[in-house]
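Structure record follows, encoded as structure tokens.
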Amino acid sequence: CGHDIHTAIMVGVAERLAASDLPAGRVSIIFQPAEEMPYGAESGARAMLDDGVFDDGFPDAALALHCWPGLPVGSIGIDDRVAMAAKNAFGIALGGRTAHAATPSAGRDAILGVAQLITALHSGVSRSLDANDRAAFNVGTLKGGVSQSVVADTAEITGTIRSFDPEVADRVVGAVERISAGVAAAIDLDYEISWETMPSVVNDPRVVACGLEVGRELLGADAAVQLADPPMTADDFALIAARAPSLYFKLGSCGGSECPPLHNGAFDVDERAIGVGLAVASAMALRLLEHPLDHWSER
């Protein structure tokens, strides 16, 4: 979904700022892996924080960007507050007992259990949500069985919940746990569920004001768009944004009338976005060095 573009932009930002006469201060360019943190994988931002990337002090402000096929190339999008959703990723393992397929009554079928569980989760989660709740639910992986002639004794699924409201997230998490316990008990299976969480990416209003000012100066008033509907995508930049005033902005990457979404096999980026991202990120960094955050708090 464009991480090669992000890397190219940040290399360009580093080269441009290294050749500039910076105001007093310092700019750190951070490259990290694994920002999306699929279930069972370590968050790259958390690993870098644990490894001491900010041991000498957190920055006065932090910036991040992501290619955005919903915006035309030559523009940026900025969310007033929440830029990315919170994520509750889950893994559910069901355990039964193996038997020959010719004598299924001697076993306890974990694949049958996981088939019922997936259907029950989708139905039950939908009924736990009110009409005005914003949340998304997905079961993304399924693993189980070793042979068509064996009643499987293990089956596993992983999935994700996306939300903005902690109360809504807690309600959906509770539904997933109740449904899993109920399905397992109904067909005499053992079960285990585990969770990995990531908070929302939250923009600081002062850095938002800086970003809008710079974006409109460089790209035009209509090309620095204030976004009103944050997406359900997640990013572990949330861990940095929780510790330093931050802005996570979306970089327009669509160069045609239709552009496939993130994580689609046909996703592509109009590479003119590289120059736009380089110019905007560099200018934002310089503007933040020139003016303390209080400069924008009064605007």
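Going through the structure tokens in order, the chains are called A, B, and so on, while each chain numbers its residues from 1 and the ligands are numbered from 1 in the order shown.
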### Task
Can you check which residues of stretch 78-293 of chain A DSSP gives as alpha helix (DSSP H) on the backbone and send them as a ChimeraX atom specification?
/A:110-127,166-186,205-219,238-241,272-290
### Message
as a list in words, please: the residues near A:Ala175 (cut-off 10 Å, only C-alpha atoms, same-chain neighbours under 6 positions excluded).
### Response
Leu121, Gly124, Val125, Ser126, Arg127, Ser128, Leu129, Ala169 and Ala181 of chain A
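When only C-alpha atoms are used to measure the gap to A:Asp109, the shortest distance among A:Thr154, A:Asn264, A:Ser282, A:Asn203 belongs to A:Thr154.
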### Message
Which residues are close to A:Ile118, i.e. within 9 Å by only C-alpha atoms, leaving aside same-chain residues fewer than 5 positions away? Reply as a VMD selection string.
### Response
chain A and resid 113 123 139 157
Mind writing the picked residues with N, CA, C and O atoms as a JSON list (two decimals), in the first residue's frame?
```json
[["chain", "number", "residue", "atom", "x", "y", "z"],
["A", 113, "GLY", "N", -16.49, -26.78, 14.49],
["A", 113, "GLY", "CA", -16.61, -25.72, 15.47],
["A", 113, "GLY", "C", -16.23, -24.36, 14.92],
["A", 113, "GLY", "O", -16.92, -23.36, 15.14],
["A", 123, "SER", "N", -22.63, -12.76, 12.85],
["A", 123, "SER", "CA", -24.01, -12.45, 13.22],
["A", 123, "SER", "C", -24.07, -11.74, 14.56],
["A", 123, "SER", "O", -24.75, -10.71, 14.71],
["A", 139, "VAL", "N", -12.91, -11.54, 10.05],
["A", 139, "VAL", "CA", -12.11, -12.74, 10.25],
["A", 139, "VAL", "C", -11.25, -12.90, 9.01],
["A", 139, "VAL", "O", -11.76, -13.04, 7.91],
["A", 157, "ILE", "N", -8.53, -19.28, 14.03],
["A", 157, "ILE", "CA", -8.84, -18.12, 13.21],
["A", 157, "ILE", "C", -8.17, -16.89, 13.82],
["A", 157, "ILE", "O", -7.87, -16.86, 15.02]]
```
Using only C-alpha atoms, which residues of stretch 203-287 of chain A come within 7 Å of stretch 1-7 of chain A, and what is the closest atom pair for each, with the distance in Å to one decimal? Give it as CSV, sorted by chain and residue number.
```
residue,atom,partner,partner_atom,distance
A:Leu262,CA,A:Cys1,CA,5.1
A:His263,CA,A:Cys1,CA,5.7
A:Phe267,CA,A:Cys1,CA,6.8
A:Ile274,CA,A:Ile5,CA,6.5
```
From a DSSP calculation on the backbone, collect every residue of stretch 189-265 of chain A in strand (DSSP E) and output the set as a short mmCIF file (atom, residue, chain, number, x, y, z; two decimals) with N, CA and C atoms, in the first residue's frame.
```
data_model
loop_
_atom_site.label_atom_id
_atom_site.label_comp_id
_atom_site.auth_asym_id
_atom_site.auth_seq_id
_atom_site.Cartn_x
_atom_site.Cartn_y
_atom_site.Cartn_z
N ASP A 190 -12.62 -27.35 23.49
CA ASP A 190 -11.85 -26.39 24.27
C ASP A 190 -11.60 -25.16 23.40
N TYR A 191 -11.38 -24.02 24.04
CA TYR A 191 -11.08 -22.84 23.25
C TYR A 191 -10.13 -21.94 24.02
N GLU A 192 -9.37 -21.14 23.27
CA GLU A 192 -8.48 -20.14 23.84
C GLU A 192 -8.52 -18.91 22.95
N ILE A 193 -8.65 -17.74 23.56
CA ILE A 193 -8.69 -16.49 22.81
C ILE A 193 -7.66 -15.53 23.37
N SER A 194 -6.97 -14.83 22.48
CA SER A 194 -5.97 -13.84 22.92
C SER A 194 -6.13 -12.59 22.06
N TRP A 195 -5.66 -11.46 22.63
CA TRP A 195 -5.87 -10.16 22.00
C TRP A 195 -4.57 -9.39 21.88
N GLU A 196 -4.47 -8.60 20.82
CA GLU A 196 -3.40 -7.62 20.65
C GLU A 196 -4.05 -6.31 20.22
N THR A 197 -3.70 -5.22 20.88
CA THR A 197 -4.41 -3.96 20.67
C THR A 197 -3.47 -2.86 20.18
N MET A 198 -4.06 -1.89 19.50
CA MET A 198 -3.36 -0.69 19.06
C MET A 198 -4.34 0.48 19.15
N VAL A 201 -4.74 6.60 16.05
CA VAL A 201 -3.78 7.66 15.76
C VAL A 201 -4.51 8.99 15.96
N VAL A 202 -4.02 9.80 16.89
CA VAL A 202 -4.69 11.05 17.25
C VAL A 202 -3.79 12.22 16.88
N ALA A 224 -5.21 21.24 0.20
CA ALA A 224 -4.96 20.77 1.56
C ALA A 224 -6.33 20.58 2.20
N VAL A 225 -6.83 19.35 2.15
CA VAL A 225 -8.23 19.05 2.44
C VAL A 225 -8.38 18.66 3.91
N GLN A 226 -9.33 19.28 4.59
CA GLN A 226 -9.68 18.84 5.93
C GLN A 226 -10.66 17.67 5.81
N LEU A 227 -10.23 16.52 6.30
CA LEU A 227 -11.03 15.30 6.18
C LEU A 227 -12.01 15.21 7.35
N SER A 246 1.47 15.31 17.38
CA SER A 246 1.73 14.67 16.09
C SER A 246 0.70 15.07 15.04
N LEU A 247 1.11 14.83 13.79
CA LEU A 247 0.21 14.93 12.64
C LEU A 247 0.49 13.76 11.72
N TYR A 248 -0.54 13.00 11.41
CA TYR A 248 -0.49 11.90 10.44
C TYR A 248 -1.37 12.35 9.27
N PHE A 249 -0.73 12.67 8.14
CA PHE A 249 -1.51 13.18 7.02
C PHE A 249 -1.52 12.22 5.86
N LYS A 250 -2.55 12.33 5.03
CA LYS A 250 -2.74 11.45 3.88
C LYS A 250 -2.25 12.15 2.63
N LEU A 251 -1.44 11.44 1.84
CA LEU A 251 -0.83 11.98 0.63
C LEU A 251 -1.60 11.48 -0.58
N GLY A 252 -2.22 12.41 -1.32
CA GLY A 252 -2.95 12.03 -2.51
C GLY A 252 -2.07 11.27 -3.49
N SER A 253 -2.54 10.09 -3.93
CA SER A 253 -1.72 9.25 -4.81
C SER A 253 -2.47 8.77 -6.04
N CYS A 254 -3.69 9.28 -6.25
CA CYS A 254 -4.50 8.84 -7.39
C CYS A 254 -4.27 9.77 -8.58
#
```
### Message
Residues within 7 Å of A:Met84, please, as a ChimeraX atom specification. Count only C-alpha atoms; anything in the same chain fewer than 4 positions from it doesn't count.
### Response
/A:200-201,230-235
### Option closest in space to A:Ala155, from A:Ile111, A:Ala273, A:Leu71, A:Ala34 [counting only C-alpha atoms]
A:Ile111
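The residue that comes closest to A:Gly144, out of A:Val172, A:Ala120, A:Ala223, A:Leu94 and on the basis of only C-alpha atoms, is A:Leu94.
Among the candidates A:Ala18, A:Leu218, A:Val151, A:Ala238, the residue lying nearest to A:Val276 is A:Leu218 (atoms considered: only C-alpha atoms).
The closest residue to A:Cys210, picked from A:Ala45, A:Ala61, A:Ile240, A:Ala14 and counting only C-alpha atoms, is A:Ala61.
Across the structure, atom CA of A:Thr141 and atom CA of A:Gly95 are spaced 16.9 Å apart.
Restricting the calculation to only C-alpha atoms, the smallest distance between A:Val208 and any of A:Gly256, A:Gly77, A:Pro104, A:Gly91 is found for A:Gly77.
Residues lying within 12 Å of A:Asp21, counting only C-alpha atoms and ignoring same-chain neighbours fewer than 3 positions away, are A:Arg16, A:Leu17, A:Ala18, A:Ala24, A:Gly25, A:Arg26, A:Leu286, A:Leu289, A:Glu290.
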